[in-house]
Amino acid sequence: MARILVVEDEADIQEILAYNLKRDGHDVVVASTSKDGLRLARERRPDLVLLDLMLPDGSGTDLCKSLRRDSVTRGVRVIMLTAKGEEIDRVLGFELGADDYIVKPFSVRELLLRVQAVLRRAATEDAAETTQFGLLRVDRGAHRVWVEGQEVELTALEFKLLITLHDRRNRVQSRDSLLSDVWKIDADVTTRTVDTHVKRLREKLGAAGAYIETVRGVGYRFAEGPGGLI
Ligand code: CA
């Protein structure tokens, strides 16, 4: 089942949600403030956030924006909980990239059905976004990477570098082209930057680091590796 973060300051609603989601087999984490919600979203990496619109220290819409901006939480699914009559905020919820919204007061049954629907859709989409290359599994939607089943923490830049190399595998990519594609800067900036980041990326990838080959005097190539690793 899924891990679900409930960000809701009304104690009784929080309790009802947590109780019913747990009964449905989910792992539930709760927060009562926007600040705690963001922290727990980063730490616990939920699959779904149920997000109340009015929180004591800010709005759910701002928290939703923060989640979308953060490379760690970008891919999380969000269902907004709105009070009656907040029509504008409903629309806003979708503009913010919320996956669904539920108007308070809601029936628990309906909420659970919506949760199931969002999780089911997410599973289908994630399967399409997740690719496996030998030891390496990459989830583009959630910006997550695993090597031999162990998750590896990459920075946003390292993730982009990996994807760029991976998507043009078996082709040599020059440092200049990597600089312009990954860093979006011209080649007159030192190409040492590329080397430093590739080195760090290789280290983080452990055994899968061998997929990134150095092509002397030119750049890098993502390939099966000298030992036929894949
Ligand atoms: Ca509230």
# chains A, B, ... in the order shown; residues from 1 in each chain; ligands from 1
$ select_by_dssp --residues "stretch 27-117 of chain A" --states "helix (DSSP H, G or I)" --output "PyMOL selection string"
chain A and resi 34-44+60-69+87-95+108-117
$ write_last_selection --atoms "N, CA and C atoms" --output "compact mmCIF listing (two decimals), in the first residue's frame"
# COMPACT_ATOMS: atom_id res chain seq x y z
N SER A 34 1.96 23.82 7.76
CA SER A 34 2.59 23.83 6.45
C SER A 34 4.09 23.47 6.58
N LYS A 35 4.70 24.03 7.61
CA LYS A 35 6.12 23.83 7.84
C LYS A 35 6.44 22.35 8.08
N ASP A 36 5.66 21.73 8.97
CA ASP A 36 5.86 20.30 9.25
C ASP A 36 5.53 19.45 8.02
N GLY A 37 4.51 19.90 7.28
CA GLY A 37 4.11 19.16 6.08
C GLY A 37 5.25 19.08 5.07
N LEU A 38 5.90 20.22 4.85
CA LEU A 38 7.01 20.25 3.89
C LEU A 38 8.18 19.40 4.38
N ARG A 39 8.47 19.52 5.66
CA ARG A 39 9.59 18.75 6.24
C ARG A 39 9.32 17.25 6.12
N LEU A 40 8.10 16.84 6.49
CA LEU A 40 7.77 15.41 6.45
C LEU A 40 7.69 14.88 5.01
N ALA A 41 7.27 15.75 4.09
CA ALA A 41 7.22 15.33 2.68
C ALA A 41 8.63 15.01 2.19
N ARG A 42 9.59 15.83 2.64
CA ARG A 42 10.99 15.60 2.23
C ARG A 42 11.58 14.38 2.94
N GLU A 43 11.30 14.26 4.22
CA GLU A 43 11.91 13.18 5.01
C GLU A 43 11.31 11.81 4.72
N ARG A 44 9.98 11.77 4.63
CA ARG A 44 9.29 10.48 4.54
C ARG A 44 8.92 10.08 3.12
N GLY A 60 -2.39 25.98 1.73
CA GLY A 60 -2.08 24.71 1.08
C GLY A 60 -1.54 24.92 -0.33
N THR A 61 -2.02 26.00 -0.98
CA THR A 61 -1.54 26.25 -2.34
C THR A 61 -0.04 26.59 -2.34
N ASP A 62 0.38 27.37 -1.36
CA ASP A 62 1.82 27.69 -1.27
C ASP A 62 2.63 26.43 -0.99
N LEU A 63 2.10 25.58 -0.11
CA LEU A 63 2.81 24.34 0.20
C LEU A 63 2.89 23.46 -1.06
N CYS A 64 1.80 23.43 -1.81
CA CYS A 64 1.79 22.64 -3.05
C CYS A 64 2.87 23.16 -4.01
N LYS A 65 2.98 24.48 -4.09
CA LYS A 65 4.02 25.08 -4.95
C LYS A 65 5.40 24.66 -4.49
N SER A 66 5.61 24.71 -3.17
CA SER A 66 6.91 24.33 -2.62
C SER A 66 7.24 22.87 -2.94
N LEU A 67 6.22 22.01 -2.84
CA LEU A 67 6.43 20.59 -3.14
C LEU A 67 6.85 20.41 -4.60
N ARG A 68 6.22 21.16 -5.48
CA ARG A 68 6.52 21.04 -6.91
C ARG A 68 7.89 21.60 -7.27
N ARG A 69 8.35 22.56 -6.49
CA ARG A 69 9.65 23.18 -6.77
C ARG A 69 10.82 22.32 -6.29
N GLU A 87 -14.30 28.15 -4.92
CA GLU A 87 -14.26 27.79 -6.33
C GLU A 87 -12.93 28.19 -6.98
N ILE A 88 -12.52 29.39 -6.66
CA ILE A 88 -11.29 29.89 -7.29
C ILE A 88 -10.10 29.02 -6.89
N ASP A 89 -10.14 28.67 -5.62
CA ASP A 89 -9.03 27.86 -5.13
C ASP A 89 -9.03 26.47 -5.74
N ARG A 90 -10.19 25.98 -6.10
CA ARG A 90 -10.26 24.69 -6.78
C ARG A 90 -9.47 24.75 -8.06
N VAL A 91 -9.78 25.78 -8.84
CA VAL A 91 -9.10 25.96 -10.12
C VAL A 91 -7.60 26.08 -9.88
N LEU A 92 -7.29 26.91 -8.89
CA LEU A 92 -5.89 27.12 -8.54
C LEU A 92 -5.21 25.79 -8.23
N GLY A 93 -5.96 24.94 -7.54
CA GLY A 93 -5.41 23.65 -7.18
C GLY A 93 -4.92 22.89 -8.40
N PHE A 94 -5.71 22.96 -9.47
CA PHE A 94 -5.30 22.25 -10.68
C PHE A 94 -4.15 22.96 -11.37
N GLU A 95 -4.19 24.29 -11.33
CA GLU A 95 -3.07 25.03 -11.93
C GLU A 95 -1.76 24.71 -11.23
N VAL A 108 -16.25 9.86 3.94
CA VAL A 108 -15.01 9.09 4.03
C VAL A 108 -14.90 8.12 2.85
N ARG A 109 -16.06 7.54 2.51
CA ARG A 109 -16.08 6.58 1.42
C ARG A 109 -15.62 7.23 0.11
N GLU A 110 -16.13 8.44 -0.14
CA GLU A 110 -15.75 9.11 -1.37
C GLU A 110 -14.25 9.45 -1.36
N LEU A 111 -13.79 9.91 -0.21
CA LEU A 111 -12.38 10.26 -0.11
C LEU A 111 -11.49 9.06 -0.40
N LEU A 112 -11.85 7.92 0.18
CA LEU A 112 -11.03 6.72 -0.02
C LEU A 112 -11.03 6.29 -1.49
N LEU A 113 -12.17 6.47 -2.15
CA LEU A 113 -12.25 6.12 -3.57
C LEU A 113 -11.36 7.04 -4.40
N ARG A 114 -11.35 8.33 -4.04
CA ARG A 114 -10.51 9.30 -4.76
C ARG A 114 -9.04 8.97 -4.55
N VAL A 115 -8.71 8.62 -3.32
CA VAL A 115 -7.32 8.26 -3.00
C VAL A 115 -6.90 7.06 -3.84
N GLN A 116 -7.76 6.05 -3.86
CA GLN A 116 -7.45 4.85 -4.66
C GLN A 116 -7.25 5.20 -6.13
N ALA A 117 -8.14 6.06 -6.64
CA ALA A 117 -8.07 6.42 -8.06
C ALA A 117 -6.75 7.13 -8.38
$ residues_near_ligand --ligand "ligand 1" --cutoff "12 Å" --atoms "only C-alpha atoms and all ligand atoms" --output "PyMOL selection string"
chain A and resi 6-14+31-34+50-60+80-83+104
$ closest_residue --among "A:Thr131, A:Val152, A:Leu161, A:Val198" --to "A:Ser180" --atoms "only C-alpha atoms"
A:Leu161
$ select_by_dssp --residues "stretch 6-181 of chain A" --states "strand (DSSP E)" --output "ChimeraX atom specification"
/A:6-7,27-31,48-52,54-55,58-59,77-82,100-103,130-133,136-139,144-147,150-152,172-174
$ residues_around --residues "A:Val28" --least-positions-apart "3" --cutoff "7 Å" --atoms "only C-alpha atoms" --output "list in words"
Arg3, Ile4, Leu5, Ala18, Leu21 and Lys22 of chain A
$ residues_around --residues "A:Thr190" --least-positions-apart "6" --cutoff "10 Å" --atoms "only C-alpha atoms" --output "MDAnalysis selection string"
chainID A and resid 175:176 179
$ write_last_selection --atoms "all heavy atoms" --output "short mmCIF file (atom, residue, chain, number, x, y, z; two decimals), in the first residue's frame"
data_model
loop_
_atom_site.label_atom_id
_atom_site.label_comp_id
_atom_site.auth_asym_id
_atom_site.auth_seq_id
_atom_site.Cartn_x
_atom_site.Cartn_y
_atom_site.Cartn_z
N ARG A 175 32.25 17.24 -23.58
CA ARG A 175 32.04 18.09 -22.39
C ARG A 175 31.27 19.35 -22.76
O ARG A 175 30.43 19.82 -22.02
CB ARG A 175 33.39 18.46 -21.78
CG ARG A 175 34.09 17.28 -21.12
CD ARG A 175 35.46 17.71 -20.59
NE ARG A 175 36.09 16.60 -19.88
CZ ARG A 175 36.72 15.61 -20.46
NH1 ARG A 175 36.83 15.57 -21.79
NH2 ARG A 175 37.27 14.64 -19.74
N ASP A 176 31.59 19.88 -23.94
CA ASP A 176 30.90 21.10 -24.39
C ASP A 176 29.40 20.87 -24.55
O ASP A 176 28.59 21.69 -24.14
CB ASP A 176 31.48 21.58 -25.74
CG ASP A 176 32.87 22.15 -25.57
OD1 ASP A 176 33.32 22.29 -24.41
OD2 ASP A 176 33.50 22.44 -26.59
N LEU A 179 27.80 20.56 -21.18
CA LEU A 179 27.67 21.88 -20.53
C LEU A 179 26.46 22.62 -21.05
O LEU A 179 25.70 23.21 -20.28
CB LEU A 179 28.92 22.72 -20.79
CG LEU A 179 30.03 22.66 -19.76
CD1 LEU A 179 31.18 23.55 -20.20
CD2 LEU A 179 29.55 23.10 -18.38
#
